[in-house]
>>> print(open('coords.cif').read())   # mmCIF, N, CA and C atoms
data_coords
loop_
_atom_site.label_atom_id
_atom_site.label_comp_id
_atom_site.auth_asym_id
_atom_site.auth_seq_id
_atom_site.Cartn_x
_atom_site.Cartn_y
_atom_site.Cartn_z
N MET A 1 23.10 -10.91 -28.08
CA MET A 1 21.88 -10.14 -27.97
C MET A 1 21.53 -10.00 -26.48
N SER A 2 21.44 -8.79 -26.00
CA SER A 2 21.13 -8.56 -24.59
C SER A 2 19.67 -8.12 -24.45
N ILE A 3 19.16 -8.37 -23.28
CA ILE A 3 17.78 -7.98 -22.98
C ILE A 3 17.82 -6.61 -22.33
N PHE A 4 17.01 -5.70 -22.84
CA PHE A 4 16.96 -4.34 -22.31
C PHE A 4 15.97 -4.28 -21.15
N THR A 5 16.41 -3.80 -20.02
CA THR A 5 15.55 -3.61 -18.86
C THR A 5 15.40 -2.12 -18.62
N PRO A 6 14.20 -1.60 -18.68
CA PRO A 6 14.01 -0.16 -18.43
C PRO A 6 14.44 0.20 -17.01
N THR A 7 15.13 1.31 -16.88
CA THR A 7 15.63 1.73 -15.58
C THR A 7 14.60 2.51 -14.77
N ASN A 8 13.52 2.94 -15.40
CA ASN A 8 12.53 3.73 -14.67
C ASN A 8 11.40 2.88 -14.10
N GLN A 9 11.44 1.56 -14.27
CA GLN A 9 10.42 0.70 -13.72
C GLN A 9 10.82 0.26 -12.32
N ILE A 10 9.87 0.29 -11.41
CA ILE A 10 10.11 -0.17 -10.05
C ILE A 10 9.48 -1.55 -9.91
N ARG A 11 10.28 -2.52 -9.57
CA ARG A 11 9.79 -3.88 -9.37
C ARG A 11 9.36 -4.03 -7.92
N LEU A 12 8.11 -4.40 -7.72
CA LEU A 12 7.60 -4.62 -6.38
C LEU A 12 7.64 -6.12 -6.11
N THR A 13 8.51 -6.53 -5.19
CA THR A 13 8.63 -7.93 -4.83
C THR A 13 8.24 -8.11 -3.38
N ASN A 14 7.84 -9.31 -3.03
CA ASN A 14 7.42 -9.62 -1.66
C ASN A 14 6.29 -8.66 -1.24
N VAL A 15 5.26 -8.57 -2.06
CA VAL A 15 4.22 -7.56 -1.89
C VAL A 15 3.01 -8.12 -1.16
N ALA A 16 2.53 -7.36 -0.20
CA ALA A 16 1.22 -7.57 0.40
C ALA A 16 0.41 -6.32 0.06
N VAL A 17 -0.65 -6.50 -0.69
CA VAL A 17 -1.48 -5.37 -1.11
C VAL A 17 -2.55 -5.14 -0.05
N VAL A 18 -2.61 -3.94 0.47
CA VAL A 18 -3.62 -3.56 1.46
C VAL A 18 -4.63 -2.69 0.76
N ARG A 19 -5.88 -3.11 0.78
CA ARG A 19 -6.95 -2.39 0.09
C ARG A 19 -7.88 -1.72 1.08
N MET A 20 -8.40 -0.57 0.65
CA MET A 20 -9.36 0.16 1.47
C MET A 20 -10.37 0.80 0.53
N LYS A 21 -11.64 0.67 0.86
CA LYS A 21 -12.68 1.30 0.07
C LYS A 21 -13.24 2.46 0.88
N LYS A 22 -13.14 3.65 0.30
CA LYS A 22 -13.59 4.85 1.01
C LYS A 22 -14.14 5.82 -0.01
N ALA A 23 -15.26 6.43 0.29
CA ALA A 23 -15.92 7.41 -0.58
C ALA A 23 -16.24 6.81 -1.95
N GLY A 24 -16.56 5.52 -1.97
CA GLY A 24 -16.93 4.87 -3.22
C GLY A 24 -15.75 4.52 -4.12
N LYS A 25 -14.54 4.75 -3.67
CA LYS A 25 -13.33 4.45 -4.44
C LYS A 25 -12.50 3.41 -3.69
N ARG A 26 -11.76 2.62 -4.44
CA ARG A 26 -10.87 1.63 -3.84
C ARG A 26 -9.44 2.13 -3.92
N PHE A 27 -8.75 2.10 -2.80
CA PHE A 27 -7.36 2.54 -2.72
C PHE A 27 -6.51 1.37 -2.25
N GLU A 28 -5.29 1.28 -2.77
CA GLU A 28 -4.38 0.21 -2.41
C GLU A 28 -3.00 0.77 -2.10
N ILE A 29 -2.31 0.12 -1.17
CA ILE A 29 -0.91 0.44 -0.91
C ILE A 29 -0.12 -0.87 -0.94
N ALA A 30 1.14 -0.79 -1.31
CA ALA A 30 2.02 -1.95 -1.37
C ALA A 30 2.89 -1.99 -0.12
N CYS A 31 2.83 -3.11 0.60
CA CYS A 31 3.59 -3.28 1.83
C CYS A 31 4.45 -4.54 1.73
N TYR A 32 5.43 -4.62 2.62
CA TYR A 32 6.22 -5.84 2.74
C TYR A 32 5.45 -6.84 3.59
N LYS A 33 5.35 -8.09 3.12
CA LYS A 33 4.57 -9.10 3.83
C LYS A 33 5.07 -9.34 5.24
N ASN A 34 6.38 -9.46 5.40
CA ASN A 34 6.93 -9.77 6.72
C ASN A 34 6.83 -8.59 7.68
N LYS A 35 6.80 -7.37 7.18
CA LYS A 35 6.72 -6.19 8.05
C LYS A 35 5.29 -5.89 8.49
N VAL A 36 4.32 -6.40 7.75
CA VAL A 36 2.92 -6.17 8.11
C VAL A 36 2.61 -6.79 9.46
N MET A 37 3.13 -7.99 9.68
CA MET A 37 2.92 -8.66 10.97
C MET A 37 3.56 -7.87 12.12
N SER A 38 4.74 -7.33 11.87
CA SER A 38 5.42 -6.54 12.90
C SER A 38 4.66 -5.25 13.19
N TRP A 39 4.07 -4.65 12.16
CA TRP A 39 3.29 -3.42 12.33
C TRP A 39 2.08 -3.68 13.20
N ARG A 40 1.42 -4.80 12.96
CA ARG A 40 0.21 -5.12 13.71
C ARG A 40 0.53 -5.40 15.17
N SER A 41 1.61 -6.13 15.41
CA SER A 41 1.96 -6.47 16.79
C SER A 41 2.52 -5.29 17.56
N GLY A 42 2.91 -4.23 16.85
CA GLY A 42 3.43 -3.05 17.51
C GLY A 42 4.94 -3.03 17.59
N ALA A 43 5.59 -4.09 17.09
CA ALA A 43 7.06 -4.13 17.11
C ALA A 43 7.66 -3.13 16.14
N GLU A 44 6.99 -2.92 15.02
CA GLU A 44 7.48 -1.97 14.00
C GLU A 44 6.72 -0.66 14.16
N LYS A 45 7.45 0.41 14.38
CA LYS A 45 6.84 1.73 14.59
C LYS A 45 6.98 2.63 13.37
N ASP A 46 7.96 2.36 12.53
CA ASP A 46 8.26 3.22 11.40
C ASP A 46 7.47 2.77 10.17
N LEU A 47 6.60 3.62 9.68
CA LEU A 47 5.77 3.29 8.52
C LEU A 47 6.61 3.13 7.26
N ASP A 48 7.76 3.80 7.21
CA ASP A 48 8.64 3.68 6.05
C ASP A 48 9.16 2.26 5.87
N GLU A 49 9.32 1.54 6.95
CA GLU A 49 9.80 0.15 6.88
C GLU A 49 8.71 -0.80 6.41
N VAL A 50 7.46 -0.44 6.59
CA VAL A 50 6.34 -1.30 6.22
C VAL A 50 5.96 -1.09 4.75
N LEU A 51 5.95 0.16 4.31
CA LEU A 51 5.53 0.48 2.95
C LEU A 51 6.66 0.26 1.96
N GLN A 52 6.33 -0.26 0.79
CA GLN A 52 7.33 -0.37 -0.27
C GLN A 52 7.52 0.97 -0.96
N THR A 53 6.45 1.73 -1.10
CA THR A 53 6.53 3.05 -1.71
C THR A 53 5.42 3.91 -1.11
N HIS A 54 5.67 5.20 -0.98
CA HIS A 54 4.68 6.12 -0.43
C HIS A 54 3.74 6.60 -1.53
N THR A 55 3.13 5.66 -2.20
CA THR A 55 2.20 5.97 -3.27
C THR A 55 0.90 5.23 -3.01
N VAL A 56 -0.21 5.93 -3.18
CA VAL A 56 -1.52 5.29 -3.06
C VAL A 56 -1.97 4.95 -4.47
N PHE A 57 -2.31 3.69 -4.67
CA PHE A 57 -2.68 3.20 -5.99
C PHE A 57 -4.18 2.94 -6.08
N VAL A 58 -4.67 2.92 -7.31
CA VAL A 58 -6.00 2.40 -7.59
C VAL A 58 -5.86 0.90 -7.86
N ASN A 59 -4.77 0.52 -8.53
CA ASN A 59 -4.47 -0.87 -8.81
C ASN A 59 -2.95 -1.04 -8.76
N VAL A 60 -2.47 -1.74 -7.75
CA VAL A 60 -1.03 -1.90 -7.56
C VAL A 60 -0.42 -2.73 -8.69
N SER A 61 -1.07 -3.83 -9.06
CA SER A 61 -0.48 -4.73 -10.04
C SER A 61 -0.33 -4.08 -11.41
N LYS A 62 -1.22 -3.15 -11.75
CA LYS A 62 -1.14 -2.45 -13.02
C LYS A 62 -0.35 -1.15 -12.90
N GLY A 63 -0.07 -0.72 -11.67
CA GLY A 63 0.69 0.51 -11.46
C GLY A 63 -0.14 1.77 -11.64
N GLN A 64 -1.46 1.67 -11.47
CA GLN A 64 -2.33 2.83 -11.65
C GLN A 64 -2.38 3.62 -10.34
N VAL A 65 -1.85 4.82 -10.38
CA VAL A 65 -1.79 5.68 -9.21
C VAL A 65 -3.12 6.39 -9.02
N ALA A 66 -3.53 6.56 -7.77
CA ALA A 66 -4.77 7.27 -7.46
C ALA A 66 -4.63 8.75 -7.78
N LYS A 67 -5.70 9.34 -8.26
CA LYS A 67 -5.69 10.76 -8.60
C LYS A 67 -5.74 11.62 -7.34
N ARG A 68 -5.13 12.78 -7.42
CA ARG A 68 -5.09 13.68 -6.27
C ARG A 68 -6.50 14.14 -5.87
N ASP A 69 -7.38 14.32 -6.84
CA ASP A 69 -8.76 14.72 -6.52
C ASP A 69 -9.47 13.64 -5.70
N ASP A 70 -9.25 12.38 -6.08
CA ASP A 70 -9.86 11.28 -5.34
C ASP A 70 -9.30 11.18 -3.93
N LEU A 71 -7.99 11.41 -3.79
CA LEU A 71 -7.37 11.39 -2.46
C LEU A 71 -7.91 12.49 -1.57
N SER A 72 -8.04 13.68 -2.13
CA SER A 72 -8.51 14.80 -1.31
C SER A 72 -9.97 14.64 -0.93
N SER A 73 -10.78 14.06 -1.81
CA SER A 73 -12.19 13.87 -1.46
C SER A 73 -12.38 12.74 -0.46
N ALA A 74 -11.57 11.69 -0.55
CA ALA A 74 -11.73 10.54 0.34
C ALA A 74 -11.06 10.75 1.70
N PHE A 75 -9.85 11.28 1.71
CA PHE A 75 -9.08 11.40 2.94
C PHE A 75 -9.01 12.82 3.50
N GLY A 76 -9.45 13.80 2.74
CA GLY A 76 -9.42 15.17 3.20
C GLY A 76 -8.05 15.81 3.09
N THR A 77 -7.12 15.16 2.42
CA THR A 77 -5.78 15.70 2.25
C THR A 77 -5.18 15.15 0.96
N GLU A 78 -4.24 15.90 0.40
CA GLU A 78 -3.51 15.40 -0.77
C GLU A 78 -2.15 14.84 -0.37
N ASP A 79 -1.83 14.87 0.92
CA ASP A 79 -0.56 14.37 1.41
C ASP A 79 -0.55 12.84 1.33
N LEU A 80 0.40 12.30 0.57
CA LEU A 80 0.45 10.85 0.36
C LEU A 80 0.78 10.10 1.64
N THR A 81 1.63 10.67 2.49
CA THR A 81 2.01 9.99 3.73
C THR A 81 0.80 9.86 4.65
N GLU A 82 0.01 10.90 4.76
CA GLU A 82 -1.19 10.85 5.60
C GLU A 82 -2.20 9.85 5.05
N ALA A 83 -2.36 9.82 3.74
CA ALA A 83 -3.28 8.85 3.13
C ALA A 83 -2.79 7.43 3.35
N CYS A 84 -1.48 7.21 3.23
CA CYS A 84 -0.92 5.87 3.49
C CYS A 84 -1.13 5.46 4.93
N THR A 85 -1.02 6.41 5.85
CA THR A 85 -1.24 6.11 7.26
C THR A 85 -2.69 5.67 7.49
N GLN A 86 -3.63 6.34 6.86
CA GLN A 86 -5.03 5.97 7.01
C GLN A 86 -5.32 4.62 6.39
N VAL A 87 -4.73 4.34 5.24
CA VAL A 87 -4.94 3.04 4.61
C VAL A 87 -4.25 1.95 5.41
N SER A 88 -3.11 2.24 6.01
CA SER A 88 -2.39 1.23 6.78
C SER A 88 -3.14 0.84 8.05
N SER A 89 -4.09 1.63 8.49
CA SER A 89 -4.90 1.23 9.63
C SER A 89 -5.74 0.01 9.29
N VAL A 90 -5.91 -0.27 8.01
CA VAL A 90 -6.65 -1.43 7.56
C VAL A 90 -5.80 -2.70 7.71
N ILE A 91 -4.50 -2.54 7.89
CA ILE A 91 -3.60 -3.69 7.98
C ILE A 91 -4.04 -4.63 9.10
N CYS A 92 -4.48 -4.10 10.20
CA CYS A 92 -4.90 -4.95 11.31
C CYS A 92 -6.04 -5.86 10.89
N ASP A 93 -7.01 -5.33 10.15
CA ASP A 93 -8.12 -6.14 9.68
C ASP A 93 -7.65 -7.21 8.70
N LEU A 94 -6.71 -6.85 7.82
CA LEU A 94 -6.18 -7.79 6.84
C LEU A 94 -5.49 -8.96 7.54
N ILE A 95 -4.66 -8.69 8.53
CA ILE A 95 -3.94 -9.74 9.23
C ILE A 95 -4.90 -10.59 10.05
N ARG A 96 -5.88 -9.97 10.65
CA ARG A 96 -6.85 -10.71 11.46
C ARG A 96 -7.59 -11.73 10.60
N ARG A 97 -8.00 -11.32 9.38
CA ARG A 97 -8.67 -12.24 8.48
C ARG A 97 -7.75 -13.37 8.03
N THR A 98 -6.48 -13.06 7.83
CA THR A 98 -5.52 -14.08 7.43
C THR A 98 -5.30 -15.09 8.53
N GLN A 99 -5.21 -14.66 9.77
CA GLN A 99 -4.99 -15.57 10.88
C GLN A 99 -6.21 -16.44 11.14
N VAL A 100 -7.40 -15.91 10.94
CA VAL A 100 -8.62 -16.69 11.17
C VAL A 100 -8.75 -17.79 10.13
N SER A 101 -8.36 -17.51 8.87
CA SER A 101 -8.51 -18.48 7.81
C SER A 101 -7.49 -19.62 7.88
N THR A 102 -6.39 -19.43 8.61
CA THR A 102 -5.37 -20.50 8.69
C THR A 102 -5.58 -21.40 9.86
#
>>> encode(input="coords.cif", output="structure tokens")
Amino acid sequence: MSIFTPTNQIRLTNVAVVRMKKAGKRFEIACYKNKVMSWRSGAEKDLDEVLQTHTVFVNVSKGQVAKRDDLSSAFGTEDLTEACTQVSSVICDLIRRTQVST
């Protein structure tokens, strides 16, 4: 008896969830934990290396993707890369809070 694994599911491992609240909505992106530090220090310039997927979520753990209407009202664009760039600006605040607490 074999276990069936769906091929259309994306497993997010080594995840650092970056959250941003804008226009009354909460948006999340999934990043690599080790690359977030490099992004903040300026060593990593490529956003593709930091993000696990170019998708803006409402809830990463449940896989709920943000609606295009919410993206356009909050960020002024429906372009996912631009929205991810704006949310990734929050990474600096996330890392700063992590370093202060340790």
>>> closest_atom_pairs(input="coords.cif", of="segment 9-31 of chain A", to="segment 71-86 of chain A", cutoff="8 Å", atoms="all atoms listed in the file", output="CSV")
residue,atom,partner,partner_atom,distance
A:Met20,CA,A:Gln86,C,7.8
A:Lys22,C,A:Ala74,CA,5.3
A:Ala23,CA,A:Ala74,CA,5.3
A:Gly24,N,A:Ala74,CA,7.3
A:Lys25,N,A:Ala74,CA,7.6
A:Glu28,C,A:Cys84,CA,7.8
A:Ile29,CA,A:Cys84,CA,7.0
>>> atom_distance(input="coords.cif", atom1="atom C of Val58 of chain A", atom2="atom CA of Ala16 of chain A")
13.8 Å
>>> select_by_dssp(input="coords.cif", residues="segment 28-58 of chain A", states="strand (DSSP E or B)", output="JSON, numbers by chain")
{"A": [28, 29, 30, 31, 32, 51, 57, 58]}
>>> write_last_selection(input="coords.cif", atoms="N, CA and C atoms", output="PDB file, keeping the file's coordinate frame")
ATOM      1  N   GLU A  28      -5.290   1.280  -2.770  1.00  0.00           N
ATOM      2  CA  GLU A  28      -4.380   0.210  -2.410  1.00  0.00           C
ATOM      3  C   GLU A  28      -3.000   0.770  -2.100  1.00  0.00           C
ATOM      4  N   ILE A  29      -2.310   0.120  -1.170  1.00  0.00           N
ATOM      5  CA  ILE A  29      -0.910   0.440  -0.910  1.00  0.00           C
ATOM      6  C   ILE A  29      -0.120  -0.870  -0.940  1.00  0.00           C
ATOM      7  N   ALA A  30       1.140  -0.790  -1.310  1.00  0.00           N
ATOM      8  CA  ALA A  30       2.020  -1.950  -1.370  1.00  0.00           C
ATOM      9  C   ALA A  30       2.890  -1.990  -0.120  1.00  0.00           C
ATOM     10  N   CYS A  31       2.830  -3.110   0.600  1.00  0.00           N
ATOM     11  CA  CYS A  31       3.590  -3.280   1.830  1.00  0.00           C
ATOM     12  C   CYS A  31       4.450  -4.540   1.730  1.00  0.00           C
ATOM     13  N   TYR A  32       5.430  -4.620   2.620  1.00  0.00           N
ATOM     14  CA  TYR A  32       6.220  -5.840   2.740  1.00  0.00           C
ATOM     15  C   TYR A  32       5.450  -6.840   3.590  1.00  0.00           C
ATOM     16  N   LEU A  51       5.950   0.160   4.310  1.00  0.00           N
ATOM     17  CA  LEU A  51       5.530   0.480   2.950  1.00  0.00           C
ATOM     18  C   LEU A  51       6.660   0.260   1.960  1.00  0.00           C
ATOM     19  N   PHE A  57      -2.310   3.690  -4.670  1.00  0.00           N
ATOM     20  CA  PHE A  57      -2.680   3.200  -5.990  1.00  0.00           C
ATOM     21  C   PHE A  57      -4.180   2.940  -6.080  1.00  0.00           C
ATOM     22  N   VAL A  58      -4.670   2.920  -7.310  1.00  0.00           N
ATOM     23  CA  VAL A  58      -6.000   2.400  -7.590  1.00  0.00           C
ATOM     24  C   VAL A  58      -5.860   0.900  -7.860  1.00  0.00           C
TER      25      VAL A  58
END
>>> resolve_selection(input="coords.cif", expression="the PyMOL selection byres (((chain A and resi 32 and name CA) around 12) and name CA)", output="PyMOL selection string")
chain A and resi 12-18+29-31+33-39+44+47-53+88+91
>>> atom_distance(input="coords.cif", atom1="atom CA of Val60 of chain A", atom2="atom CA of Ser89 of chain A")
17.9 Å
>>> atom_distance(input="coords.cif", atom1="atom CA of Gly63 of chain A", atom2="atom C of Gly42 of chain A")
29.6 Å
>>> closest_residue(input="coords.cif", among="A:Val87, A:Arg11, A:Arg19, A:Phe27", to="Phe57 of chain A", atoms="all atoms listed in the file")
A:Phe27
>>> axis_aligned_box(input="coords.cif", around="segment 65-78 of chain A", padding_each_side="6 Å", output="JSON")
{"center_x": -7.1, "center_y": 10.4, "center_z": -3.4, "size_x": 22.6, "size_y": 23.1, "size_z": 25.9}
>>> select_by_dssp(input="coords.cif", residues="segment 18-91 of chain A", states="alpha helix (DSSP H)", output="number ranges by chain")
A: 33-41, 47-50, 68-75, 80-88, 91
